[in-house]
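Enquirer: Provided herewith is a single structure, encoded as structure tokens, for subsequent inquiry.
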Amino acid sequence: EITAFWEHARYGFECKARPDFLIDDLNIIVDYKTCVDAGAEEFGKAAINRGYDIQASWYTQGLEIVTGKKFDFVFIAQEKTPPFAFAFYQATPEMLQRGAMRIINACSKFAHCLKANAWPGYRDEIQFIKMPYWAA
């Protein structure tokens with residue numbers, strides 16, 4: 001693992017990326033993920049549901065800022081159960097763009113929280129549990 005630090009160009013806060021592996025001479029960032037299903041469709045769903053688009057975009061942007069080089073982002077998806085099948089997936093330009101848009105929104109919210117010193121969260125008093133409709 002390596003760690004890259006940079007200052008956010010618009011908001012000035014410190015940013016960090018910590019890729020699992022970097023193939024520097026090929027300009028590839030590699031990230032290892034375990035999953036239930038490493039098939040293309042299922043891993044694609046999991047990638048979006050878990051925000052891997054944000055991670056891929058953040059890391060490629062950050063390493064470009066730090067090194068001046070453009071990087072591709074590749075996932076190694078490995079199943080958690082025998083026979084531990086695995087597959088390799090490259091983040092598409094569309095995935096990276098989606099992540100970039102989500103990063104813009106997240107950074108704006110983070111900067112606002114820093115400035116206001118107010119952080120959204122859950123209520124701090126005891127609440128009643130809301131049972132799902134199917135459990136009633």
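We label chains A, B, ... in the order they appear in the structure tokens, count residues from 1 in each chain, and number ligands from 1 in the order shown.
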As a list in words, please: all residues of stretch 35-123 of chain A that backbone DSSP puts in strand (DSSP E).

Expert: Cys35, Asp72, Phe73, Val74, Phe75, Ile76, Ala77, Gln78, Glu79, Phe86, Ala87, Phe88, Tyr89 and Gln90 of chain A

Enquirer: What residues in chain A get the DSSP label helix (DSSP H, G or I)? Please answer as a PDB file with N, CA and C atoms, in the first residue's frame.

Expert:
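See result35.pdb below for the written result:
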```pdb
ATOM      1  N   ASP A  24       3.103   1.308 -11.085  1.00  0.00           N
ATOM      2  CA  ASP A  24       3.503   2.648 -11.508  1.00  0.00           C
ATOM      3  C   ASP A  24       3.917   2.709 -12.971  1.00  0.00           C
ATOM      4  N   ASP A  25       4.669   1.714 -13.437  1.00  0.00           N
ATOM      5  CA  ASP A  25       5.158   1.764 -14.817  1.00  0.00           C
ATOM      6  C   ASP A  25       4.039   1.560 -15.840  1.00  0.00           C
ATOM      7  N   LEU A  26       2.893   1.017 -15.416  1.00  0.00           N
ATOM      8  CA  LEU A  26       1.736   0.849 -16.307  1.00  0.00           C
ATOM      9  C   LEU A  26       0.616   1.840 -15.992  1.00  0.00           C
ATOM     10  N   ALA A  40     -19.642 -10.358 -13.448  1.00  0.00           N
ATOM     11  CA  ALA A  40     -19.653  -8.968 -13.912  1.00  0.00           C
ATOM     12  C   ALA A  40     -20.897  -8.207 -13.464  1.00  0.00           C
ATOM     13  N   GLU A  41     -22.060  -8.796 -13.639  1.00  0.00           N
ATOM     14  CA  GLU A  41     -23.291  -8.080 -13.288  1.00  0.00           C
ATOM     15  C   GLU A  41     -23.415  -7.868 -11.785  1.00  0.00           C
ATOM     16  N   GLU A  42     -23.185  -8.921 -11.015  1.00  0.00           N
ATOM     17  CA  GLU A  42     -23.329  -8.809  -9.565  1.00  0.00           C
ATOM     18  C   GLU A  42     -22.255  -7.920  -8.953  1.00  0.00           C
ATOM     19  N   PHE A  43     -21.018  -8.045  -9.422  1.00  0.00           N
ATOM     20  CA  PHE A  43     -19.981  -7.174  -8.877  1.00  0.00           C
ATOM     21  C   PHE A  43     -20.250  -5.729  -9.272  1.00  0.00           C
ATOM     22  N   GLY A  44     -20.754  -5.509 -10.479  1.00  0.00           N
ATOM     23  CA  GLY A  44     -21.104  -4.148 -10.908  1.00  0.00           C
ATOM     24  C   GLY A  44     -22.147  -3.521 -10.002  1.00  0.00           C
ATOM     25  N   LYS A  45     -23.173  -4.298  -9.628  1.00  0.00           N
ATOM     26  CA  LYS A  45     -24.198  -3.795  -8.697  1.00  0.00           C
ATOM     27  C   LYS A  45     -23.574  -3.468  -7.344  1.00  0.00           C
ATOM     28  N   ALA A  46     -22.768  -4.398  -6.847  1.00  0.00           N
ATOM     29  CA  ALA A  46     -22.129  -4.195  -5.548  1.00  0.00           C
ATOM     30  C   ALA A  46     -21.212  -2.971  -5.578  1.00  0.00           C
ATOM     31  N   ALA A  47     -20.519  -2.781  -6.679  1.00  0.00           N
ATOM     32  CA  ALA A  47     -19.592  -1.653  -6.802  1.00  0.00           C
ATOM     33  C   ALA A  47     -20.322  -0.319  -6.660  1.00  0.00           C
ATOM     34  N   ILE A  48     -21.466  -0.196  -7.295  1.00  0.00           N
ATOM     35  CA  ILE A  48     -22.224   1.046  -7.199  1.00  0.00           C
ATOM     36  C   ILE A  48     -22.859   1.169  -5.816  1.00  0.00           C
ATOM     37  N   ASN A  49     -23.441   0.089  -5.308  1.00  0.00           N
ATOM     38  CA  ASN A  49     -24.077   0.131  -3.985  1.00  0.00           C
ATOM     39  C   ASN A  49     -23.087   0.477  -2.876  1.00  0.00           C
ATOM     40  N   TYR A  52     -17.906   2.205  -4.792  1.00  0.00           N
ATOM     41  CA  TYR A  52     -16.601   1.981  -5.410  1.00  0.00           C
ATOM     42  C   TYR A  52     -16.344   2.967  -6.550  1.00  0.00           C
ATOM     43  N   ASP A  53     -17.411   3.526  -7.131  1.00  0.00           N
ATOM     44  CA  ASP A  53     -17.241   4.555  -8.154  1.00  0.00           C
ATOM     45  C   ASP A  53     -16.585   5.795  -7.557  1.00  0.00           C
ATOM     46  N   ILE A  54     -16.967   6.129  -6.333  1.00  0.00           N
ATOM     47  CA  ILE A  54     -16.363   7.276  -5.643  1.00  0.00           C
ATOM     48  C   ILE A  54     -14.889   6.984  -5.373  1.00  0.00           C
ATOM     49  N   GLN A  55     -14.612   5.805  -4.852  1.00  0.00           N
ATOM     50  CA  GLN A  55     -13.229   5.432  -4.535  1.00  0.00           C
ATOM     51  C   GLN A  55     -12.351   5.474  -5.781  1.00  0.00           C
ATOM     52  N   ALA A  56     -12.809   4.862  -6.863  1.00  0.00           N
ATOM     53  CA  ALA A  56     -12.013   4.819  -8.095  1.00  0.00           C
ATOM     54  C   ALA A  56     -11.737   6.223  -8.614  1.00  0.00           C
ATOM     55  N   SER A  57     -12.756   7.064  -8.607  1.00  0.00           N
ATOM     56  CA  SER A  57     -12.584   8.437  -9.095  1.00  0.00           C
ATOM     57  C   SER A  57     -11.666   9.241  -8.172  1.00  0.00           C
ATOM     58  N   TRP A  58     -11.866   9.108  -6.869  1.00  0.00           N
ATOM     59  CA  TRP A  58     -11.042   9.833  -5.885  1.00  0.00           C
ATOM     60  C   TRP A  58      -9.573   9.452  -6.024  1.00  0.00           C
ATOM     61  N   TYR A  59      -9.304   8.160  -6.113  1.00  0.00           N
ATOM     62  CA  TYR A  59      -7.922   7.702  -6.210  1.00  0.00           C
ATOM     63  C   TYR A  59      -7.275   8.129  -7.522  1.00  0.00           C
ATOM     64  N   THR A  60      -7.989   8.003  -8.635  1.00  0.00           N
ATOM     65  CA  THR A  60      -7.386   8.402  -9.913  1.00  0.00           C
ATOM     66  C   THR A  60      -7.149   9.908  -9.953  1.00  0.00           C
ATOM     67  N   GLN A  61      -8.098  10.680  -9.441  1.00  0.00           N
ATOM     68  CA  GLN A  61      -7.906  12.134  -9.388  1.00  0.00           C
ATOM     69  C   GLN A  61      -6.729  12.503  -8.486  1.00  0.00           C
ATOM     70  N   GLY A  62      -6.703  11.904  -7.298  1.00  0.00           N
ATOM     71  CA  GLY A  62      -5.659  12.228  -6.336  1.00  0.00           C
ATOM     72  C   GLY A  62      -4.271  11.867  -6.811  1.00  0.00           C
ATOM     73  N   LEU A  63      -4.126  10.681  -7.373  1.00  0.00           N
ATOM     74  CA  LEU A  63      -2.802  10.297  -7.852  1.00  0.00           C
ATOM     75  C   LEU A  63      -2.366  11.111  -9.062  1.00  0.00           C
ATOM     76  N   GLU A  64      -3.318  11.560  -9.858  1.00  0.00           N
ATOM     77  CA  GLU A  64      -2.951  12.449 -10.966  1.00  0.00           C
ATOM     78  C   GLU A  64      -2.443  13.789 -10.427  1.00  0.00           C
ATOM     79  N   ILE A  65      -3.093  14.297  -9.382  1.00  0.00           N
ATOM     80  CA  ILE A  65      -2.636  15.548  -8.771  1.00  0.00           C
ATOM     81  C   ILE A  65      -1.232  15.381  -8.201  1.00  0.00           C
ATOM     82  N   VAL A  66      -1.009  14.284  -7.499  1.00  0.00           N
ATOM     83  CA  VAL A  66       0.271  14.054  -6.820  1.00  0.00           C
ATOM     84  C   VAL A  66       1.401  13.738  -7.800  1.00  0.00           C
ATOM     85  N   THR A  67       1.111  12.920  -8.825  1.00  0.00           N
ATOM     86  CA  THR A  67       2.182  12.457  -9.725  1.00  0.00           C
ATOM     87  C   THR A  67       2.216  13.157 -11.075  1.00  0.00           C
ATOM     88  N   PRO A  93     -14.958   4.893 -17.961  1.00  0.00           N
ATOM     89  CA  PRO A  93     -15.064   6.361 -17.885  1.00  0.00           C
ATOM     90  C   PRO A  93     -16.399   6.807 -17.281  1.00  0.00           C
ATOM     91  N   GLU A  94     -17.473   6.084 -17.577  1.00  0.00           N
ATOM     92  CA  GLU A  94     -18.785   6.439 -17.023  1.00  0.00           C
ATOM     93  C   GLU A  94     -18.813   6.252 -15.505  1.00  0.00           C
ATOM     94  N   MET A  95     -18.192   5.187 -15.038  1.00  0.00           N
ATOM     95  CA  MET A  95     -18.125   4.944 -13.599  1.00  0.00           C
ATOM     96  C   MET A  95     -17.308   6.036 -12.909  1.00  0.00           C
ATOM     97  N   LEU A  96     -16.182   6.398 -13.509  1.00  0.00           N
ATOM     98  CA  LEU A  96     -15.334   7.440 -12.934  1.00  0.00           C
ATOM     99  C   LEU A  96     -16.047   8.791 -12.931  1.00  0.00           C
ATOM    100  N   GLN A  97     -16.810   9.083 -13.985  1.00  0.00           N
ATOM    101  CA  GLN A  97     -17.557  10.338 -14.063  1.00  0.00           C
ATOM    102  C   GLN A  97     -18.646  10.381 -12.996  1.00  0.00           C
ATOM    103  N   ARG A  98     -19.341   9.262 -12.817  1.00  0.00           N
ATOM    104  CA  ARG A  98     -20.371   9.187 -11.778  1.00  0.00           C
ATOM    105  C   ARG A  98     -19.740   9.430 -10.413  1.00  0.00           C
ATOM    106  N   GLY A  99     -18.606   8.795 -10.162  1.00  0.00           N
ATOM    107  CA  GLY A  99     -17.907   9.003  -8.903  1.00  0.00           C
ATOM    108  C   GLY A  99     -17.465  10.442  -8.726  1.00  0.00           C
ATOM    109  N   ALA A 100     -16.994  11.059  -9.804  1.00  0.00           N
ATOM    110  CA  ALA A 100     -16.541  12.454  -9.737  1.00  0.00           C
ATOM    111  C   ALA A 100     -17.682  13.387  -9.345  1.00  0.00           C
ATOM    112  N   MET A 101     -18.867  13.146  -9.882  1.00  0.00           N
ATOM    113  CA  MET A 101     -20.022  13.980  -9.533  1.00  0.00           C
ATOM    114  C   MET A 101     -20.394  13.792  -8.064  1.00  0.00           C
ATOM    115  N   ARG A 102     -20.310  12.583  -7.589  1.00  0.00           N
ATOM    116  CA  ARG A 102     -20.621  12.316  -6.182  1.00  0.00           C
ATOM    117  C   ARG A 102     -19.555  12.926  -5.264  1.00  0.00           C
ATOM    118  N   ILE A 103     -18.316  12.967  -5.725  1.00  0.00           N
ATOM    119  CA  ILE A 103     -17.234  13.582  -4.954  1.00  0.00           C
ATOM    120  C   ILE A 103     -17.470  15.085  -4.816  1.00  0.00           C
ATOM    121  N   ILE A 104     -17.872  15.732  -5.887  1.00  0.00           N
ATOM    122  CA  ILE A 104     -18.148  17.171  -5.833  1.00  0.00           C
ATOM    123  C   ILE A 104     -19.174  17.462  -4.743  1.00  0.00           C
ATOM    124  N   ASN A 105     -20.240  16.689  -4.723  1.00  0.00           N
ATOM    125  CA  ASN A 105     -21.286  16.868  -3.718  1.00  0.00           C
ATOM    126  C   ASN A 105     -20.761  16.602  -2.311  1.00  0.00           C
ATOM    127  N   ALA A 106     -20.016  15.523  -2.144  1.00  0.00           N
ATOM    128  CA  ALA A 106     -19.495  15.169  -0.820  1.00  0.00           C
ATOM    129  C   ALA A 106     -18.508  16.214  -0.302  1.00  0.00           C
ATOM    130  N   CYS A 107     -17.637  16.704  -1.173  1.00  0.00           N
ATOM    131  CA  CYS A 107     -16.650  17.705  -0.746  1.00  0.00           C
ATOM    132  C   CYS A 107     -17.327  19.016  -0.353  1.00  0.00           C
ATOM    133  N   SER A 108     -18.364  19.389  -1.075  1.00  0.00           N
ATOM    134  CA  SER A 108     -19.119  20.592  -0.741  1.00  0.00           C
ATOM    135  C   SER A 108     -19.753  20.457   0.641  1.00  0.00           C
ATOM    136  N   LYS A 109     -20.361  19.307   0.903  1.00  0.00           N
ATOM    137  CA  LYS A 109     -20.972  19.075   2.215  1.00  0.00           C
ATOM    138  C   LYS A 109     -19.922  19.058   3.324  1.00  0.00           C
ATOM    139  N   PHE A 110     -18.791  18.411   3.050  1.00  0.00           N
ATOM    140  CA  PHE A 110     -17.724  18.331   4.036  1.00  0.00           C
ATOM    141  C   PHE A 110     -17.179  19.720   4.357  1.00  0.00           C
ATOM    142  N   ALA A 111     -16.948  20.538   3.330  1.00  0.00           N
ATOM    143  CA  ALA A 111     -16.447  21.902   3.540  1.00  0.00           C
ATOM    144  C   ALA A 111     -17.438  22.723   4.363  1.00  0.00           C
ATOM    145  N   HIS A 112     -18.727  22.561   4.082  1.00  0.00           N
ATOM    146  CA  HIS A 112     -19.752  23.275   4.851  1.00  0.00           C
ATOM    147  C   HIS A 112     -19.715  22.850   6.324  1.00  0.00           C
ATOM    148  N   CYS A 113     -19.593  21.551   6.568  1.00  0.00           N
ATOM    149  CA  CYS A 113     -19.522  21.045   7.942  1.00  0.00           C
ATOM    150  C   CYS A 113     -18.289  21.576   8.663  1.00  0.00           C
ATOM    151  N   LEU A 114     -17.150  21.604   7.968  1.00  0.00           N
ATOM    152  CA  LEU A 114     -15.929  22.143   8.573  1.00  0.00           C
ATOM    153  C   LEU A 114     -16.117  23.605   8.973  1.00  0.00           C
ATOM    154  N   LYS A 115     -16.669  24.380   8.049  1.00  0.00           N
ATOM    155  CA  LYS A 115     -16.848  25.814   8.291  1.00  0.00           C
ATOM    156  C   LYS A 115     -17.825  26.071   9.433  1.00  0.00           C
ATOM    157  N   ALA A 116     -18.931  25.344   9.450  1.00  0.00           N
ATOM    158  CA  ALA A 116     -19.968  25.547  10.458  1.00  0.00           C
ATOM    159  C   ALA A 116     -19.690  24.785  11.751  1.00  0.00           C
ATOM    160  N   TYR A 133     -42.853  -3.049   8.031  1.00  0.00           N
ATOM    161  CA  TYR A 133     -44.240  -3.448   7.774  1.00  0.00           C
ATOM    162  C   TYR A 133     -44.408  -4.965   7.797  1.00  0.00           C
ATOM    163  N   TRP A 134     -43.430  -5.700   7.316  1.00  0.00           N
ATOM    164  CA  TRP A 134     -43.550  -7.143   7.192  1.00  0.00           C
ATOM    165  C   TRP A 134     -43.420  -7.863   8.542  1.00  0.00           C
ATOM    166  N   ALA A 135     -42.969  -7.165   9.581  1.00  0.00           N
ATOM    167  CA  ALA A 135     -42.795  -7.790  10.884  1.00  0.00           C
ATOM    168  C   ALA A 135     -44.011  -7.607  11.794  1.00  0.00           C
TER     169      ALA A 135
END
```

Enquirer: May I ask for the distance between atom CA of A:Tyr32 and atom CA of A:Gln78, given in Å to one decimal place?

Expert: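 So the answer is 7.7 Å.
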
Enquirer: What does the distance between atom CA of A:Ala118 and atom CA of A:Ala17 come to in Å, to one decimal place?

Expert: 24.7 Å

Enquirer: Residues at most 7 Å from A:Phe88, counting only C-alpha atoms, excluding those fewer than 2 positions away in the same chain, as a ChimeraX atom specification?

Expert: /A:74-77,90

Enquirer: List the spatial neighbours of A:Phe5 as a PyMOL selection string - criterion: any atom at most 7 Å away, only C-alpha atoms, same-chain residues fewer than 3 positions off excluded.

Expert: chain A and resi 14-17

Enquirer: For a test of reading the model, state the distance in Å between atom CA of A:Gly51 and atom CA of A:Pro19, rounded to one decimal.

Expert: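 Atom CA of A:Gly51 sits 15.0 Å away from atom CA of A:Pro19.
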
Enquirer: Can you pull out the residues contacting A:Phe86? Cut-off 10 Å, using only C-alpha atoms, and skip same-chain residues under 2 positions away; I want them as a ChimeraX atom specification.

Expert: /A:33-35,37-39,76-80,83-84,88
